[in-house]
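Read the structure below first, then the notes.
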Amino acid sequence: MEIAIISGKGGTGKSSISAAFATLQNEIVLADCDVDAANLYLLFNPVCDEEYMFISGQKTVINQDKCTACGLCIEYCRFDAIIEKENKVCVVETLCDGCLLCSRVCPYEAIDIVDEDKSRMYAGYFQNGRMVYGRLAPGEENSGKLVNKVREKAKQIAKESGIKNIIIDGPPGIGCSVISTITGVDAVVVVTEPTLSGLHDLKRTLEVTAGFKLQTSVIINKFDINTEIASKIEDYCNQNSIKVMGKLPFDPLIVEAMVNCKSITDYAPDSKISNLIRKTYSKIIAV
Amino acid sequence: MKIAIASGKGGTGKTFISTNLFNVLQKKINISLVDCDAEEPNDREFFTGGVLHHTHIVTQKIPVIKKEKCTYCGKCEKYCNYNAFFFLKEMKMIKVLDELCHGCGACSVACEYGAISEKDDVLGYVNRYTFDTNSALIEARVKVGVYSPVNVIKAAIKETDGFDLVLFDAPPGTACPFIQTVAKADYVVLVTEPTPFGLSDLKQSVDTLKSMNKSYGVIINRAGLGNNDIYDYIEQENIPLLMSVPFDKKIAAIYSNGELLTNLYTDWAAKFNQLYHIIEENYGNSNN
């Protein structure tokens with residue numbers, strides 16, 4: 001079973017909850033698909049025996065020896081990424097989308113293509129099984145493609161070592177990396193918080209999961225910060241036939257556990273919050 | 001001056017800082033706040049009094065293949081660097097996968113048979129809300145299901161001409177949406193929290209900003225939770241601490257209701273005014 005934990009809004013507690021779920025059993029593959037800001041390796045300090053380079057795309061660079069400053073590339077570029085400065089044509093790296101059209105239209109072959117090769121994927125072992133995670137280099141694109149790689153690797157490991165469950169810690173938002181995270185999983189769990197922002201983002205996230213016809217449920221984290229909005233979220237979920245699997249209170253123990261590099265269920269196994277998380281998890285895998 | 005309020009990690013309080021800063025400054029400066037978190041824009045929730053002035057639909061060109069002219073040569077597929085063509089030569093099958101297209105136009109250039117025309121595809125919206133103070137909230141809002149928010153963010157940022165001060169509420173992460181936002185900023189405020197996750201993501205944001213030659217400072221939100229590692233890090237890196245907001249359930253509750261702390265407490269209004277002066281001072285120093 002592949003379970004993806006996402007949130008729409010950032011900072012609702014996805015990673016802390018994923019970490020707890022991952023340490024509730026001994027045979028698990030944990031995939032950190034928040035490739036923009038992977039964090040779970042900080043908690044679990046996995047021993048990684050595999051490292052893969054991920055080519056996230058290409059950028060272009062003008063070869064000034066060959067360039068005649070004819071300006072044809074500037075005309076063709078739809079991203080306004082090529083400019084003329086002091087009679088020299090150059091590429092603005094932050095605007096370049098990597099479509100390579102400039103290199104194709106240049107009559108002088110004056111535009112070189114450079115691979116963006118700083119992103120990585122790692123696979124290895126952690127205390128409760130296996131772990132795969134990706135790290136997208138800052139500013140690089142195609143986070144969705146890297147997410148797909150991480151998921152493929154996680155599935156391959158699960159198959160080879162006969163592990164049943166994969167937990168995916170997803171990225172925030174509703175863009176390509178989120179779509180890649182949830183496509184084809186067995187269950188999506190959306191972690192939300194009782195703020196107006198949280199509710200707004202939850203609605204957009206549920207629109208995405210509905211579009212993919214995925215089995216989706218919700219966890220309301222820190223529900224006691226605003227019980228009124230928490231009940232609004234519950235009502236909204238009920239109206240849309242989405243199960244609320246758990247309501248977790250705000251508990252400073254969660255941060256304490258993180259500071260001590262442990263999941264909450266390992267750090268304070270007998271605490272109220274850990275019991276609630278265990279109950280929530282058993283409900284999710286029972287479906 | 002353009003100030004981006006950003007963070008690597010999500011949920012550290014970017015929107016909290018942006019909305020409160022905008023709220024205190026709009027009374028005296030010709031200012032706009034741009035919600036660049038186009039996937040999940042939230043700033044509007046805090047300024048329901050703003051009047052929708054206009055909506056600008058952001059589109060992108062998507063190729064349309066004219067079957068009768070297509071010779072199935074496959075050159076368009078070869079030119080496309082985004083795998084947006086599904087092409088089976090033997091079966092004479094070619095299809096555009098709209099959601100993967102970036103609208104670069106390479107396929108149109110590739111086609112020698114005039115078989116590719118283009119249509120507009122909606123990516124999202126830029127909503128402009130105005131207030132009595134002449135300030136504006138400009139919201140980038142991507143259409144649900146669209147893969148990349150970058151074009152919508154760019155369109156929103158383009159609408160900020162004519163303001164003396166512009167605040168960008170940036171999207172989380174350090175990937176392209178973040179880069180597109182901070183690239184246009186003169187100064188970047190990084191909002192973080194004193195936890196290991198917050199620190200790790202802060203380091204990644206700082207490394208990115210360094211490579212972009214940006215000046216920046218840090219706000220620590222929910223101070224008192226977590227540990228002190230983050231303070232050691234910013235001291236060691238010589239990064240200015242612009243403000244510290246203590247962890248307080250009362251502040252969290254105010255935010256959760258879509259209310260502004262600076263409307264409820266004058267001391268906080270004063271602190272956010274002060275924040276702006278500190279940013280101005282730091283920006284001035286970093287450019288000397």
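Chain lettering (A, B, ...) mirrors the order of the structure tokens, residue numbering begins at 1 for each chain separately, and ligand numbering begins at 1 in order of display.
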6 Å contacts from chain A to chain B using only C-alpha atoms, as a list in words
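The answer, sorted by residue number, is Gly10, Gly11, Asp36, Asn39, Arg78, Cys99, Leu101, Pro138, Gly139, Glu140, Gly173, Ile174, Gly175, Cys176, Thr195, Leu196, Ser197, Asp201, Ile225 and Val255 of chain A.
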List the neighbours of Met53 of chain A out to 9 Å using only C-alpha atoms; skip same-chain residues closer than 3 positions along the sequence, and give me the result as a CSV table (one decimal) with N, CA and C atoms, in the first residue's frame.
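As a result, around-v7.csv now contains:
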chain,number,residue,atom,x,y,z
A,117,ASP,N,22.8,19.5,-13.4
A,117,ASP,CA,23.1,18.2,-12.9
A,117,ASP,C,23.4,18.2,-11.4
A,118,LYS,N,22.9,19.2,-10.7
A,118,LYS,CA,23.2,19.3,-9.3
A,118,LYS,C,22.2,18.6,-8.3
A,119,SER,N,21.1,18.1,-8.9
A,119,SER,CA,20.1,17.5,-8.0
A,119,SER,C,20.5,16.0,-7.8
A,120,ARG,N,20.0,15.5,-6.7
A,120,ARG,CA,20.4,14.1,-6.4
A,120,ARG,C,19.2,13.3,-5.8
A,121,MET,N,19.4,12.0,-5.9
A,121,MET,CA,18.4,11.1,-5.3
A,121,MET,C,19.3,10.1,-4.4
DSSP-assigned helix (DSSP H, G or I) among segment 129-246 of chain A, expressed as an MDAnalysis selection string
chainID A and resid 143:160 176:182 196:211 223:225 227:239
Ala84 of chain B surroundings by only C-alpha atoms, 6 Å radius, close-in-sequence under 3 positions cut, as a VMD selection string:
chain B and resid 96 to 97 100 to 101
Go ahead and save the residues from that selection, with C-alpha atoms, as an mmCIF file, in the first residue's frame.
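Output contents, as saved in result_5.cif:
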data_model
loop_
_atom_site.group_PDB
_atom_site.id
_atom_site.type_symbol
_atom_site.label_atom_id
_atom_site.label_comp_id
_atom_site.auth_asym_id
_atom_site.auth_seq_id
_atom_site.Cartn_x
_atom_site.Cartn_y
_atom_site.Cartn_z
ATOM 1 C CA VAL B 96 -0.019 17.272 -27.527
ATOM 2 C CA LEU B 97 0.018 16.720 -23.763
ATOM 3 C CA LEU B 100 3.447 19.361 -20.013
ATOM 4 C CA CYS B 101 3.744 22.188 -22.568
#
Which residues, written as a ChimeraX atom specification, have at least one atom at most 7 Å from Ile6 of chain A, with only C-alpha atoms counted and residues fewer than 3 positions away on the same chain left out?
/A:14,169-172,189-191
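Here atom CA of Gly124 of chain A stands at a distance of 18.5 Å from atom CA of Ala37 of chain A.
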Check the smallest atom-to-atom distance from each of A:Pro269, A:Pro46, A:Pro194, A:Pro252 to Tyr122 of chain A using only C-alpha atoms, then report the winner.
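Among the listed residues, A:Pro46 lies closest to Tyr122 of chain A.
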Please provide as a VMD selection string all residues within 10 Å of Asp132 of chain B, with the sequence filter that same-chain residues fewer than 4 positions apart are discarded (counting only C-alpha atoms).
chain B and resid 26 to 27 49 to 51 136
Separation of atom CA of Leu199 of chain B from atom CA of Ser7 of chain B in Å:
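Between atom CA of Ser7 of chain B and atom CA of Leu199 of chain B the gap is 10.5 Å.
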Contacts of segment 67-69 of chain B at 8 Å (only C-alpha atoms; same-chain gap of 3+ positions) as a list in words:
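After dropping sequence-adjacent residues, the list is Tyr113, Gly114 and Ala115 of chain B.
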For Tyr283 of chain B, list every protein, DNA or RNA residue within 9 Å, evaluated using only C-alpha atoms, and leave out those in the same chain fewer than 3 positions away; present the list as an NGL selection string.
:B and (186-187 or 215-216 or 278-280 or 286-288)
Å distance separating atom CA of Glu234 of chain A from atom CA of Pro249 of chain A, one decimal place
14.8 Å
Going by DSSP on the backbone, which residues of segment 35-262 of chain A come out as strand (DSSP E or B)? List them as a PyMOL selection string.
chain A and resi 47-54+57-62+82-85+88-91+111-116+119-126+129-135+165-169+187-192+216-221+243-248
For each of A:Val35, A:Leu199, A:Val208, A:Ile277, take the minimum atom-to-atom distance to Thr183 of chain A, counting only C-alpha atoms, then give the residue where this is smallest.
A:Val208
